[in-house]
Structures are given as structure tokens and as C-alpha cells.
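Structure file run_20.txt (compact mmCIF, C-alpha atoms (C1' of nucleotides)) follows.
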```
# COMPACT_ATOMS: atom_id res chain seq x y z
CA MET A 453 -1.81 -27.27 4.27
CA SER A 454 -0.62 -27.36 0.72
CA GLU A 455 2.26 -25.14 -0.09
CA SER A 456 4.75 -25.05 -2.83
CA THR A 457 8.03 -23.23 -2.80
CA GLU A 458 7.66 -19.54 -3.50
CA GLU A 459 9.49 -16.28 -3.14
CA PRO A 460 8.85 -12.62 -2.38
CA GLY A 461 5.44 -11.45 -3.31
CA PRO A 462 2.18 -12.77 -2.12
CA SER A 463 1.67 -16.50 -2.40
CA GLU A 464 -1.97 -17.30 -1.97
CA PRO A 465 -4.33 -20.19 -2.57
CA SER A 466 -6.01 -20.14 -5.97
CA LEU A 467 -8.99 -17.85 -6.31
CA ASP A 468 -11.39 -20.79 -6.50
CA GLU A 469 -9.93 -22.40 -3.41
CA GLN A 470 -10.16 -19.12 -1.60
CA ILE A 471 -13.81 -18.59 -2.45
CA ALA A 472 -14.66 -22.16 -1.50
CA ALA A 473 -12.91 -21.73 1.85
CA TYR A 474 -14.77 -18.51 2.59
CA GLN A 475 -18.07 -20.17 1.80
CA ARG A 476 -17.32 -22.95 4.26
CA GLU A 477 -16.72 -20.39 6.99
CA PHE A 478 -19.38 -17.86 6.02
CA ARG A 479 -22.52 -19.23 4.44
CA ASP A 480 -24.01 -15.86 3.45
CA LEU A 481 -21.30 -15.20 0.91
CA ASP A 482 -22.37 -14.59 -2.69
CA PRO A 483 -19.72 -16.38 -4.74
CA GLN A 484 -20.34 -14.24 -7.79
CA VAL A 485 -19.75 -11.04 -5.87
CA GLU A 486 -16.77 -12.51 -4.11
CA GLN A 487 -15.22 -13.64 -7.37
CA ALA A 488 -15.43 -10.20 -8.93
CA VAL A 489 -14.20 -8.39 -5.84
CA SER A 490 -11.36 -10.78 -5.04
CA ALA A 491 -10.15 -10.97 -8.61
CA LEU A 492 -10.15 -7.19 -8.77
CA GLY A 493 -8.09 -6.90 -5.61
CA ARG A 494 -5.58 -9.51 -6.61
CA LEU A 495 -5.23 -8.21 -10.12
CA ASN A 496 -4.56 -4.75 -8.87
CA ARG A 497 -1.87 -5.93 -6.47
CA ARG A 498 -0.09 -7.91 -9.14
CA MET A 499 -0.22 -4.98 -11.50
CA ASN A 500 1.28 -2.65 -8.93
CA VAL A 501 4.14 -5.07 -8.40
CA ALA A 502 4.67 -5.14 -12.15
CA TYR A 503 4.61 -1.34 -12.47
CA GLY A 504 7.11 -1.11 -9.63
CA ARG A 505 9.52 -3.40 -11.43
CA GLN A 506 9.15 -1.62 -14.68
CA VAL A 507 9.83 1.86 -13.38
CA ALA A 508 12.63 0.54 -11.16
CA ALA A 509 14.42 -0.27 -14.42
CA LEU A 510 14.35 3.47 -15.13
CA GLY A 511 15.82 4.22 -11.72
CA ILE A 512 12.68 5.65 -10.17
CA SER A 513 10.26 4.32 -7.59
CA ASN A 514 6.55 3.82 -7.97
CA ALA A 515 6.07 6.76 -5.60
CA GLU A 516 8.15 9.02 -7.80
CA TRP A 517 6.30 7.87 -10.87
CA GLU A 518 3.02 8.89 -9.23
CA VAL A 519 4.35 12.40 -8.74
CA LEU A 520 5.54 12.61 -12.34
CA LYS A 521 2.14 11.46 -13.57
CA THR A 522 0.35 14.04 -11.48
CA LEU A 523 2.50 16.88 -12.75
CA VAL A 524 2.08 15.82 -16.36
CA LEU A 525 -1.67 15.52 -15.87
CA SER A 526 -1.79 19.10 -14.65
CA GLY A 527 -0.66 20.14 -18.15
CA ALA A 528 2.01 22.65 -19.23
CA PRO A 529 3.86 24.28 -17.56
CA TYR A 530 3.75 21.22 -15.28
CA ARG A 531 3.69 23.12 -12.00
CA LEU A 532 1.85 22.40 -8.77
CA GLY A 533 2.32 23.22 -5.11
CA PRO A 534 3.25 20.53 -2.58
CA GLY A 535 -0.15 20.81 -0.95
CA GLU A 536 -2.02 20.27 -4.18
CA LEU A 537 0.23 17.34 -5.07
CA ALA A 538 -0.35 15.81 -1.66
CA LYS A 539 -4.10 16.17 -2.05
CA ARG A 540 -4.16 14.55 -5.46
CA LEU A 541 -1.96 11.67 -4.35
CA GLY A 542 -3.80 11.14 -1.10
CA LEU A 543 -0.74 11.84 1.07
CA THR A 544 -0.11 14.27 3.88
CA PRO A 545 1.77 17.48 3.07
CA ALA A 546 4.56 16.26 5.35
CA ALA A 547 5.14 13.24 3.15
CA MET A 548 5.24 15.45 0.06
CA THR A 549 7.94 17.65 1.58
CA HIS A 550 10.28 14.68 1.77
CA ARG A 551 9.30 13.14 -1.53
CA ILE A 552 9.97 16.42 -3.30
CA ASP A 553 13.30 16.74 -1.49
CA ARG A 554 14.37 13.44 -2.95
CA MET A 555 13.04 14.11 -6.42
CA ALA A 556 14.61 17.55 -6.55
CA GLY A 557 17.91 15.98 -5.53
CA GLU A 558 17.57 13.56 -8.43
CA GLY A 559 16.79 16.34 -10.87
CA LEU A 560 13.27 15.15 -11.66
CA VAL A 561 11.63 18.35 -10.40
CA THR A 562 12.62 21.80 -9.14
CA ARG A 563 11.29 23.38 -5.97
CA ASP A 564 11.09 27.19 -5.69
CA ARG A 565 9.21 29.74 -3.67
CA ASP A 566 6.53 31.65 -5.53
CA GLU A 567 7.80 35.22 -5.96
CA ASN A 568 4.26 36.63 -5.83
CA ASN A 569 3.36 34.89 -2.60
CA ARG A 570 6.33 33.79 -0.62
CA VAL A 571 4.37 31.30 1.46
CA ARG A 572 3.74 29.21 -1.60
CA VAL A 573 6.14 26.75 -3.13
CA ILE A 574 6.13 25.71 -6.76
CA VAL A 575 7.19 22.24 -7.82
CA GLU A 576 7.96 22.07 -11.52
CA LEU A 577 8.77 19.12 -13.71
CA THR A 578 12.24 19.26 -15.29
CA ASP A 579 12.98 18.04 -18.81
CA GLU A 580 14.59 15.01 -17.26
CA GLY A 581 11.47 14.35 -15.22
CA ARG A 582 9.31 14.65 -18.28
CA THR A 583 11.53 12.24 -20.17
CA LYS A 584 11.37 9.71 -17.34
CA TRP A 585 7.60 10.02 -17.32
CA LEU A 586 7.47 9.36 -21.05
CA GLU A 587 9.68 6.30 -20.76
CA ALA A 588 7.63 4.95 -17.88
CA MET A 589 4.43 5.65 -19.76
CA ARG A 590 5.66 3.69 -22.74
CA MET A 591 6.53 0.72 -20.58
CA ALA A 592 3.23 0.92 -18.74
CA SER A 593 1.11 1.12 -21.85
CA ASP A 594 2.96 -1.79 -23.43
CA PHE A 595 2.39 -3.79 -20.28
CA GLU A 596 -1.29 -2.90 -20.18
CA GLU A 597 -1.76 -3.75 -23.82
CA ASP A 598 -0.07 -7.05 -23.14
CA LEU A 599 -2.27 -7.71 -20.14
CA LEU A 600 -5.45 -7.14 -22.13
CA GLN A 601 -4.20 -9.09 -25.10
CA ASP A 602 -6.57 -12.01 -24.62
CA LEU A 603 -9.63 -9.76 -24.58
CA SER A 604 -11.42 -8.75 -27.75
CA GLY A 605 -12.17 -5.12 -28.45
CA ASP A 606 -15.75 -5.64 -27.34
CA GLU A 607 -14.69 -7.32 -24.15
CA ARG A 608 -12.30 -4.50 -23.34
CA GLY A 609 -15.12 -2.05 -23.83
CA VAL A 610 -17.47 -4.01 -21.60
CA LEU A 611 -14.85 -4.35 -18.88
CA GLY A 612 -14.12 -0.64 -18.93
CA GLU A 613 -17.78 0.25 -18.90
CA LEU A 614 -18.60 -2.01 -15.97
CA LEU A 615 -15.65 -0.74 -13.95
CA VAL A 616 -16.57 2.86 -14.69
CA ARG A 617 -20.09 2.23 -13.43
CA LEU A 618 -18.75 0.82 -10.18
CA LEU A 619 -16.32 3.67 -9.86
CA ARG A 620 -19.11 6.19 -10.33
CA ARG A 621 -21.08 4.51 -7.60
CA VAL A 622 -18.13 4.76 -5.25
CA GLU A 623 -17.02 8.26 -6.18
CA HIS A 624 -20.44 9.83 -6.13
CA ALA A 625 -21.55 7.89 -3.06
CA GLN A 626 -25.12 9.07 -3.30
CA PRO A 627 -26.69 9.83 0.07
CA ASP A 628 -29.62 7.86 -1.15
CA ALA A 629 -31.21 6.13 -4.09
CA GLY A 630 -31.49 2.70 -2.65
CA GLY A 631 -28.09 2.02 -1.17
CA ARG A 632 -26.02 3.60 1.56
CA LEU A 633 -22.36 3.47 0.54
CA THR A 634 -21.78 6.94 1.94
CA ASP A 635 -18.73 8.50 3.47
CA LEU A 636 -16.11 6.95 1.26
CA ASP A 637 -13.60 9.74 1.18
CA MET B 57 1.94 -2.29 -3.61
CA SER B 58 0.88 -5.20 -1.91
CA GLU B 59 -1.58 -5.02 -0.44
CA SER B 60 -2.49 -3.39 0.63
CA THR B 61 -1.86 -2.22 -1.98
CA GLU B 62 -1.84 1.24 -3.03
CA GLU B 63 -3.07 3.89 -1.79
CA PRO B 64 -4.01 7.48 -2.67
CA GLY B 65 -7.36 8.85 -3.32
CA PRO B 66 -9.21 12.01 -2.77
CA SER B 67 -9.01 14.88 -5.13
CA GLU B 68 -8.30 13.69 -8.63
CA PRO B 69 -9.53 14.90 -12.00
CA SER B 70 -12.42 12.89 -13.40
CA LEU B 71 -11.49 9.73 -15.21
CA ASP B 72 -12.48 11.21 -18.57
CA GLU B 73 -10.43 14.32 -17.97
CA GLN B 74 -7.49 12.21 -16.95
CA ILE B 75 -7.61 10.07 -20.05
CA ALA B 76 -7.99 13.11 -22.28
CA ALA B 77 -4.97 14.72 -20.62
CA TYR B 78 -2.84 11.63 -21.09
CA GLN B 79 -3.79 11.47 -24.75
CA ARG B 80 -2.68 15.06 -25.22
CA GLU B 81 0.73 14.21 -23.77
CA PHE B 82 1.14 10.73 -25.19
CA ARG B 83 -0.43 10.05 -28.56
CA ASP B 84 0.14 6.31 -28.55
CA LEU B 85 -2.30 5.73 -25.72
CA ASP B 86 -5.23 3.40 -26.34
CA PRO B 87 -8.13 5.09 -24.53
CA GLN B 88 -10.05 1.86 -24.16
CA VAL B 89 -7.15 0.16 -22.42
CA GLU B 90 -6.48 3.20 -20.33
CA GLN B 91 -10.09 3.44 -19.24
CA ALA B 92 -10.20 -0.13 -18.03
CA VAL B 93 -6.84 0.03 -16.28
CA SER B 94 -7.36 3.41 -14.66
CA ALA B 95 -10.87 2.60 -13.50
CA LEU B 96 -9.59 -0.62 -12.00
CA GLY B 97 -6.85 1.15 -10.11
CA ARG B 98 -9.06 3.89 -8.79
CA LEU B 99 -11.84 1.55 -7.84
CA ASN B 100 -9.46 -0.61 -5.90
CA ARG B 101 -8.05 2.33 -4.00
CA ARG B 102 -11.47 3.59 -3.05
CA MET B 103 -12.50 0.16 -1.92
CA ASN B 104 -9.45 -0.21 0.28
CA VAL B 105 -10.23 3.10 1.93
CA ALA B 106 -13.78 1.89 2.50
CA TYR B 107 -12.66 -1.44 3.98
CA GLY B 108 -10.27 0.41 6.27
CA ARG B 109 -13.09 2.57 7.62
CA GLN B 110 -15.37 -0.35 8.10
CA VAL B 111 -12.96 -2.51 10.05
CA ALA B 112 -11.77 0.52 12.02
CA ALA B 113 -15.30 0.60 13.45
CA LEU B 114 -14.53 -2.83 14.89
CA GLY B 115 -11.32 -1.57 16.44
CA ILE B 116 -8.96 -3.33 14.05
CA SER B 117 -6.78 -2.14 11.21
CA ASN B 118 -6.83 -3.28 7.62
CA ALA B 119 -3.50 -5.00 8.28
CA GLU B 120 -4.96 -6.96 11.17
CA TRP B 121 -7.96 -7.91 9.12
CA GLU B 122 -5.65 -9.36 6.47
CA VAL B 123 -4.06 -11.61 9.08
CA LEU B 124 -7.45 -12.74 10.37
CA LYS B 125 -8.57 -13.56 6.83
CA THR B 126 -5.44 -15.58 6.15
CA LEU B 127 -5.82 -17.63 9.31
CA VAL B 128 -9.50 -18.34 8.61
CA LEU B 129 -8.65 -19.32 5.03
CA SER B 130 -6.16 -21.86 6.33
CA GLY B 131 -9.13 -23.71 7.89
CA ALA B 132 -9.55 -25.19 11.37
CA PRO B 133 -7.67 -25.20 13.68
CA TYR B 134 -6.68 -21.79 12.27
CA ARG B 135 -2.96 -22.10 12.89
CA LEU B 136 -0.01 -20.93 10.81
CA GLY B 137 3.60 -20.00 11.48
CA PRO B 138 4.80 -16.40 11.16
CA GLY B 139 6.88 -17.29 8.12
CA GLU B 140 3.96 -18.84 6.30
CA LEU B 141 1.73 -15.89 7.19
CA ALA B 142 4.36 -13.48 5.93
CA LYS B 143 4.65 -15.35 2.66
CA ARG B 144 0.92 -15.36 2.05
CA LEU B 145 0.56 -11.69 2.85
CA GLY B 146 3.63 -10.66 0.87
CA LEU B 147 5.45 -9.24 3.90
CA THR B 148 8.85 -9.91 5.39
CA PRO B 149 9.02 -12.19 8.44
CA ALA B 150 10.28 -9.22 10.43
CA ALA B 151 7.06 -7.34 9.78
CA MET B 152 5.03 -10.35 10.85
CA THR B 153 6.85 -10.57 14.16
CA HIS B 154 5.65 -7.10 15.09
CA ARG B 155 2.19 -7.49 13.66
CA ILE B 156 1.68 -10.66 15.66
CA ASP B 157 3.02 -8.94 18.78
CA ARG B 158 0.31 -6.35 18.47
CA MET B 159 -2.44 -8.79 17.64
CA ALA B 160 -1.50 -11.12 20.47
CA GLY B 161 -1.57 -8.13 22.83
CA GLU B 162 -5.10 -7.39 21.63
CA GLY B 163 -6.18 -10.98 22.11
CA LEU B 164 -6.89 -11.65 18.44
CA VAL B 165 -4.32 -14.46 18.18
CA THR B 166 -2.01 -16.46 20.44
CA ARG B 167 1.67 -17.04 19.77
CA ASP B 168 3.36 -20.16 21.12
CA ARG B 169 6.44 -22.21 20.41
CA ASP B 170 5.83 -25.55 18.77
CA GLU B 171 6.61 -28.20 21.39
CA ASN B 172 7.75 -30.70 18.77
CA ASN B 173 10.17 -28.31 17.15
CA ARG B 174 11.16 -25.45 19.36
CA VAL B 175 12.40 -23.32 16.49
CA ARG B 176 8.92 -23.05 15.13
CA VAL B 177 6.24 -20.67 16.34
CA ILE B 178 2.51 -21.25 16.02
CA VAL B 179 0.09 -18.39 15.60
CA GLU B 180 -3.47 -19.42 16.36
CA LEU B 181 -6.71 -17.50 15.98
CA THR B 182 -8.55 -16.91 19.25
CA ASP B 183 -12.33 -17.00 19.57
CA GLU B 184 -12.26 -13.25 19.78
CA GLY B 185 -10.21 -13.09 16.59
CA ARG B 186 -12.64 -15.36 14.85
CA THR B 187 -15.56 -13.24 15.97
CA LYS B 188 -13.87 -10.08 14.72
CA TRP B 189 -13.26 -11.77 11.39
CA LEU B 190 -16.91 -12.71 11.13
CA GLU B 191 -18.08 -9.19 11.93
CA ALA B 192 -15.66 -7.72 9.42
CA MET B 193 -16.73 -10.26 6.82
CA ARG B 194 -20.36 -9.33 7.29
CA MET B 195 -19.59 -5.66 6.83
CA ALA B 196 -17.40 -6.33 3.82
CA SER B 197 -19.91 -8.52 2.07
CA ASP B 198 -22.69 -5.99 2.68
CA PHE B 199 -20.46 -3.31 1.25
CA GLU B 200 -19.56 -5.39 -1.77
CA GLU B 201 -23.18 -6.29 -2.41
CA ASP B 202 -24.01 -2.61 -2.19
CA LEU B 203 -21.22 -1.69 -4.58
CA LEU B 204 -22.44 -4.15 -7.21
CA GLN B 205 -26.06 -3.22 -6.71
CA ASP B 206 -26.42 -1.49 -10.06
CA LEU B 207 -25.14 -4.50 -11.98
CA SER B 208 -27.46 -7.26 -13.11
CA GLY B 209 -26.64 -10.87 -12.34
CA ASP B 210 -25.37 -11.34 -15.87
CA GLU B 211 -23.20 -8.28 -15.67
CA ARG B 212 -21.69 -9.43 -12.40
CA GLY B 213 -20.86 -12.74 -14.00
CA VAL B 214 -19.25 -11.09 -17.00
CA LEU B 215 -17.22 -8.75 -14.84
CA GLY B 216 -15.96 -11.62 -12.69
CA GLU B 217 -15.15 -13.73 -15.70
CA LEU B 218 -13.20 -10.99 -17.45
CA LEU B 219 -11.23 -10.14 -14.31
CA VAL B 220 -10.44 -13.79 -13.71
CA ARG B 221 -9.08 -14.09 -17.22
CA LEU B 222 -6.80 -11.12 -16.68
CA LEU B 223 -5.74 -12.49 -13.33
CA ARG B 224 -4.88 -15.81 -14.87
CA ARG B 225 -2.75 -14.08 -17.44
CA VAL B 226 -0.87 -12.27 -14.72
CA GLU B 227 -0.55 -15.16 -12.29
CA HIS B 228 0.49 -17.74 -14.81
CA ALA B 229 2.75 -15.35 -16.67
CA GLN B 230 3.45 -17.77 -19.50
CA PRO B 231 7.09 -17.85 -20.59
CA ASP B 232 5.77 -17.36 -24.06
CA ALA B 233 2.75 -17.77 -26.24
CA GLY B 234 2.64 -14.45 -27.92
CA GLY B 235 3.17 -12.07 -25.03
CA ARG B 236 5.98 -11.54 -22.61
CA LEU B 237 4.49 -10.49 -19.29
CA THR B 238 6.98 -12.62 -17.42
CA ASP B 239 8.52 -12.24 -14.02
CA LEU B 240 5.57 -10.72 -12.22
CA ASP B 241 6.18 -12.10 -8.75
C1' DC C 142 30.22 -36.54 20.10
C1' DT C 143 31.29 -32.47 18.23
C1' DC C 144 31.43 -29.28 14.76
C1' DG C 145 29.29 -26.92 11.11
C1' DA C 146 25.44 -25.70 8.34
C1' DA C 147 20.60 -24.72 7.74
C1' DG C 148 16.11 -23.13 9.11
C1' DA C 149 12.82 -20.11 11.57
C1' DC C 150 12.20 -16.56 13.85
C1' DT C 151 13.81 -11.92 16.18
C1' DT C 152 16.51 -7.77 16.44
C1' DT C 153 18.65 -3.66 14.51
C1' DA C 154 19.13 0.15 11.44
C1' DG C 155 17.10 2.92 8.32
C1' DC C 156 13.29 4.70 5.37
C1' DA C 157 8.55 6.53 4.25
C1' DC C 158 4.53 7.59 6.08
C1' DT C 159 0.83 10.01 9.51
C1' DA C 160 -0.66 13.19 13.09
C1' DA C 161 0.21 17.03 15.34
C1' DA C 162 2.98 21.00 16.62
C1' DC C 163 5.49 24.77 14.69
C1' DT C 164 6.94 28.70 11.33
C1' DT C 165 6.15 32.20 8.37
C1' DA C 166 3.67 35.20 4.90
C1' DG C 167 -0.28 37.47 3.70
C1' DA C 168 -5.16 39.04 4.96
C1' DA C 169 -8.60 41.29 8.08
C1' DG C 170 -10.09 44.32 11.72
C1' DG C 171 -9.68 47.70 15.06
C1' DC D 1339 0.26 50.20 12.30
C1' DC D 1340 -0.63 46.29 15.47
C1' DT D 1341 -2.89 42.45 16.73
C1' DT D 1342 -5.12 38.23 15.31
C1' DC D 1343 -6.46 34.82 11.92
C1' DT D 1344 -5.61 31.79 8.28
C1' DA D 1345 -3.06 29.29 4.73
C1' DA D 1346 1.02 26.71 3.12
C1' DG D 1347 4.91 24.20 4.24
C1' DT D 1348 8.12 22.19 7.36
C1' DT D 1349 9.52 19.82 11.56
C1' DT D 1350 8.97 16.38 15.24
C1' DA D 1351 7.43 12.11 17.32
C1' DG D 1352 5.92 7.82 16.63
C1' DT D 1353 4.33 3.69 13.57
C1' DG D 1354 5.12 -0.04 10.36
C1' DC D 1355 7.72 -1.58 6.89
C1' DT D 1356 12.32 -3.75 4.53
C1' DA D 1357 17.02 -5.51 4.49
C1' DA D 1358 20.42 -7.39 6.84
C1' DA D 1359 22.55 -9.14 10.89
C1' DG D 1360 21.87 -12.01 14.98
C1' DT D 1361 20.01 -15.96 17.92
C1' DC D 1362 18.62 -20.33 18.87
C1' DT D 1363 17.25 -25.07 17.63
C1' DT D 1364 17.76 -29.01 14.87
C1' DC D 1365 20.09 -31.90 11.58
C1' DG D 1366 23.95 -34.11 9.31
C1' DA D 1367 28.90 -35.41 8.54
C1' DG D 1368 32.96 -37.01 10.20
```
Is it possible to express this structure as C-alpha cells?
Amino acid sequence: MSESTEEPGPSEPSLDEQIAAYQREFRDLDPQVEQAVSALGRLNRRMNVAYGRQVAALGISNAEWEVLKTLVLSGAPYRLGPGELAKRLGLTPAAMTHRIDRMAGEGLVTRDRDENNRVRVIVELTDEGRTKWLEAMRMASDFEEDLLQDLSGDERGVLGELLVRLLRRVEHAQPDAGGRLTDLD
Amino acid sequence: MSESTEEPGPSEPSLDEQIAAYQREFRDLDPQVEQAVSALGRLNRRMNVAYGRQVAALGISNAEWEVLKTLVLSGAPYRLGPGELAKRLGLTPAAMTHRIDRMAGEGLVTRDRDENNRVRVIVELTDEGRTKWLEAMRMASDFEEDLLQDLSGDERGVLGELLVRLLRRVEHAQPDAGGRLTDLD
DNA sequence: CTCGAAGACTTTAGCACTAAACTTAGAAGG
DNA sequence: CCTTCTAAGTTTAGTGCTAAAGTCTTCGAG
């Protein structure tokens, strides 16, 4: 069982070794499909680790960065309710309550009751939060540019187009048209 | 981040809307890069949700499936120590202790002390665990085949090749050669 | 032979999340 | 007006993780 010395973070066999091992154990595997799917999964995990390190240098967590991104995406005046934030981030409202507590304590957002409807709460990005978002965005886009550096403009376009087609298939999850793939959300 | 990897999902703006919104707030953004990166992230999240649902139908969690996969990948006789499992999955040994507790209770693996070195523990896949892995693998490969259904053989090859190139860039993280991208693990 | 150090787990404390119960404000109906 | 219903958040209980401290076995030096 080959193993070299490693440290925190996943240490796995090479992608080729992994695919070969799966084929030994499961003959029906299409290596082309497996290559694309496994590479996608691994790449995404590595990228998330990298994003986490980058934003940690700004003193925020990946989770906090997600909230900042969502508020910025909502456009000026950068306000959303906890429920809406939770829905967009795929969390429960309970989790948002605590995340917002923390972020309000750090000055990244404010939390106030809506004066027109006192059941509602409004979370609003502060200037500091917006600045953190901008700094994180700069780091992230530099990192992404760096990651794609070896790909030509055409290749980048092809990659994006192929991924978008897969994403459409997953997000629309047509009840029929040849495949099942339903019930994804 | 690891694994499992992030995470959210349901109600987001469309990818095009998202990219347009980012460009409004951050002029330096390369839309081509952002399209590829964002599509990759979203696609991965959706796929993880889908895998979770599929294996849940077999009565196991995504986390348990990861352990089964790792043991099968190690090859017969499907044995690894908790520390090695933790390293490959990117978890702490403490987390593995509890995960193995659960899985041993469910009969998916056995946990025994190594008789030759009583400090070591050996986690071994049971027949039931191996069967579960096979069932999950069948579901996963059907799902993946379904996902890639709209892509031609050539397109699948191109997608895999491009992703593998990006993965190599991330995993090797060259100390230098034009880009930084160091310290990713 | 005994002590000390190292290695491989396990245990403890604390954090972030989910599911489900609870609280409160506004809306709807009698 | 008073229920009752519903919507939006918060609170509670329980899970699974990390970091750090603890335990137990083995190894090595004196």
C-alpha cells in the first residue's frame, strides 16, 4: 500500500490509479465518464481549500465569504432577510441566525428589524463587509486566472460551455426527454 | 471544503445573472473565467446533493459511502487503519474514530486491534459493506452516465482532458514556472 | 531493566450545522 | 374584536466535525 508522507488535506492515489482500481472492482465503469467526474470532484475540493486559505488571510471564513457574496449579488442596497439568505446558501434558517450573529459582531453586516413589518429582519452589508468582499474577490479572481493559465482562450470557452451544458441538465432536471435525472433539489 | 465538499444549493440566480451582477460590482472580472469556475462549483454541489440522495436510498450516508470507496480502492483484503483512512479522506483521526464506530455498528466494517502491534487498529470491509459499495457504485455510474448523456464521446474526452490539466496544475502546485499557486494542501 | 520519547488511536471540549419545537407579528374569518 | 392561521426568526436537542489533551503500546538509550 504505497504511501508517502503527507499532511492535512486529502491525500489520495493519483487519478489514473484510482480509475484503474475502480475498473478492477467494477467492470461496468466507463473510464471516460469516471475521469471527467472524478477530476471535477477533486478539482472542486482543492479549489475550496485554496479559497479558504485565501480568505482566511483577510480574517474571514469561507462561510462568511459566501454570505458577503450573496449580499453583493443581490445588488444595492445589499439587503436581504435571514430566510432569503439561508435559501440562497442552502442552509437552514437556524444556521443563518448564528452566522449573522457572528458577522454582525465582526461588523461585516448589520441586523435590524423591518419597521414596516416587525416580523421581518433585514441583514445589510456594512462598508467594511463590502470592502472585505472586494478584497476576497480580487484574491479569488487572481487565483482563478492563475488556475486557468495553461488553457488557451478557446479552451477556456469550451470548458465553460461544456460545464454549463451539464449544469443546465442538472438544474432543469427535465421530467423526460430521454433521461431521468429528476428530483435533484 | 473537503469533501465533501461544499455545500449549498437551491435557490440561486441563474448563472448568467450571477456573472452579470459580479461584473457590475467588480469590473476586473473575466466573464469567461468566471463562467467556467462558477459552473464547476455549482455543478459539483448539485452532484453531491444527488449522490447523497441516491446512497440514502441504500440506507447509508455520503460520509459512509466515502469510507466504503476508500477501502475498496485500497484493494483486497480491503483493510486500512483509522489514521490512514483519515488522511485519505482529509479528516482528523478523531472524526474517523466516530465514523468507524457507527459503521461497525451497522455491520459495514469491522474494527480490530492488530495482533502484531497492539497500538494499531485494522478497519476491514465486511461483505455487507462491499455489497453496499457495489450498489452505490451502480447507482452513481448510472447517474453519471445520465448526466453526460448530452455530450458526445469527443466532448466527454475533451472535458475530462481539460479538467485533468487543471487538476494537475492544482495538485502539483509548481514552486514556480510562471504562476504561483503554491501551498494548496 | 528502566526510563523517556514517539506513534496510533481515543477522549474531551467546543463549534457549526440540521430538524423540530417555539415565539411573535400580521392576515383572515366569523 | 377575537380566534385561528401563517410567515419569519429564534431556540433547543442532537449530530459530526476539529483541536488539543489523554491513554496505551512499542522502541531506544543509558
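The backbone trace of chain B, superposed onto chain A over all C-alpha atoms paired in order, deviates from it by an RMSD of 5.1 Å.
Interatomic distance, atom CA of A:Thr544 to atom CA of A:Val524: 20.4 Å.
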Would you kindly report the residues of chain C within 12 Å of chain A, using only C-alpha atoms (C1' of nucleotides), as a VMD selection string? chain C and resid 156 to 161 164 to 167
Interatomic distance between atom CA of B:Ser208 and atom CA of A:Arg620? 16.1 Å
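Nearest residue to A:Glu613, choosing from B:Leu181, B:Asp72, B:Pro87, B:Ala95 and counting all atoms listed in the file: B:Ala95.
If you look at atom CA of A:Ala592 and atom CA of A:Asn500, they are 10.6 Å away from each other.
Distances to B:Gly139 were evaluated for C:DC144, C:DA149, C:DA168, C:DA162 using only C-alpha atoms (C1' of nucleotides), and the minimum falls at C:DA149.
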Please report as a ChimeraX atom specification which residues of chain A come no farther than 6 Å from chain B, using all atoms listed in the file. /A:461-464,473,487-488,491,495,497,500-502,525,539-542,612,615-616,619,636
Enumerate, as number ranges by chain, the protein, DNA and RNA residues whose atoms approach (28.2, -25.4, 12.8) to within 12 Å, taking into account all atoms listed in the file and the coordinate frame of the file. C: 143-147; D: 1363-1367
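The shortest atom-to-atom distance to chain A, with all atoms listed in the file taken into account, belongs to D:DT1350 out of D:DT1350, D:DT1361, D:DG1368, D:DC1355.
All chain D residues having an atom within 8 Å of chain A, based on all atoms listed in the file, amount to D:DA1346, D:DG1347, D:DT1348.
With all atoms listed in the file as the atoms that count, the residue of C:DA154, C:DC142, C:DC163, C:DA169 with the shortest distance to D:DT1349 is C:DC163.
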Using all atoms listed in the file for the distances, tell me which of D:DA1345, D:DC1339, D:DA1359, D:DA1351 is nearest to C:DT152. D:DA1359
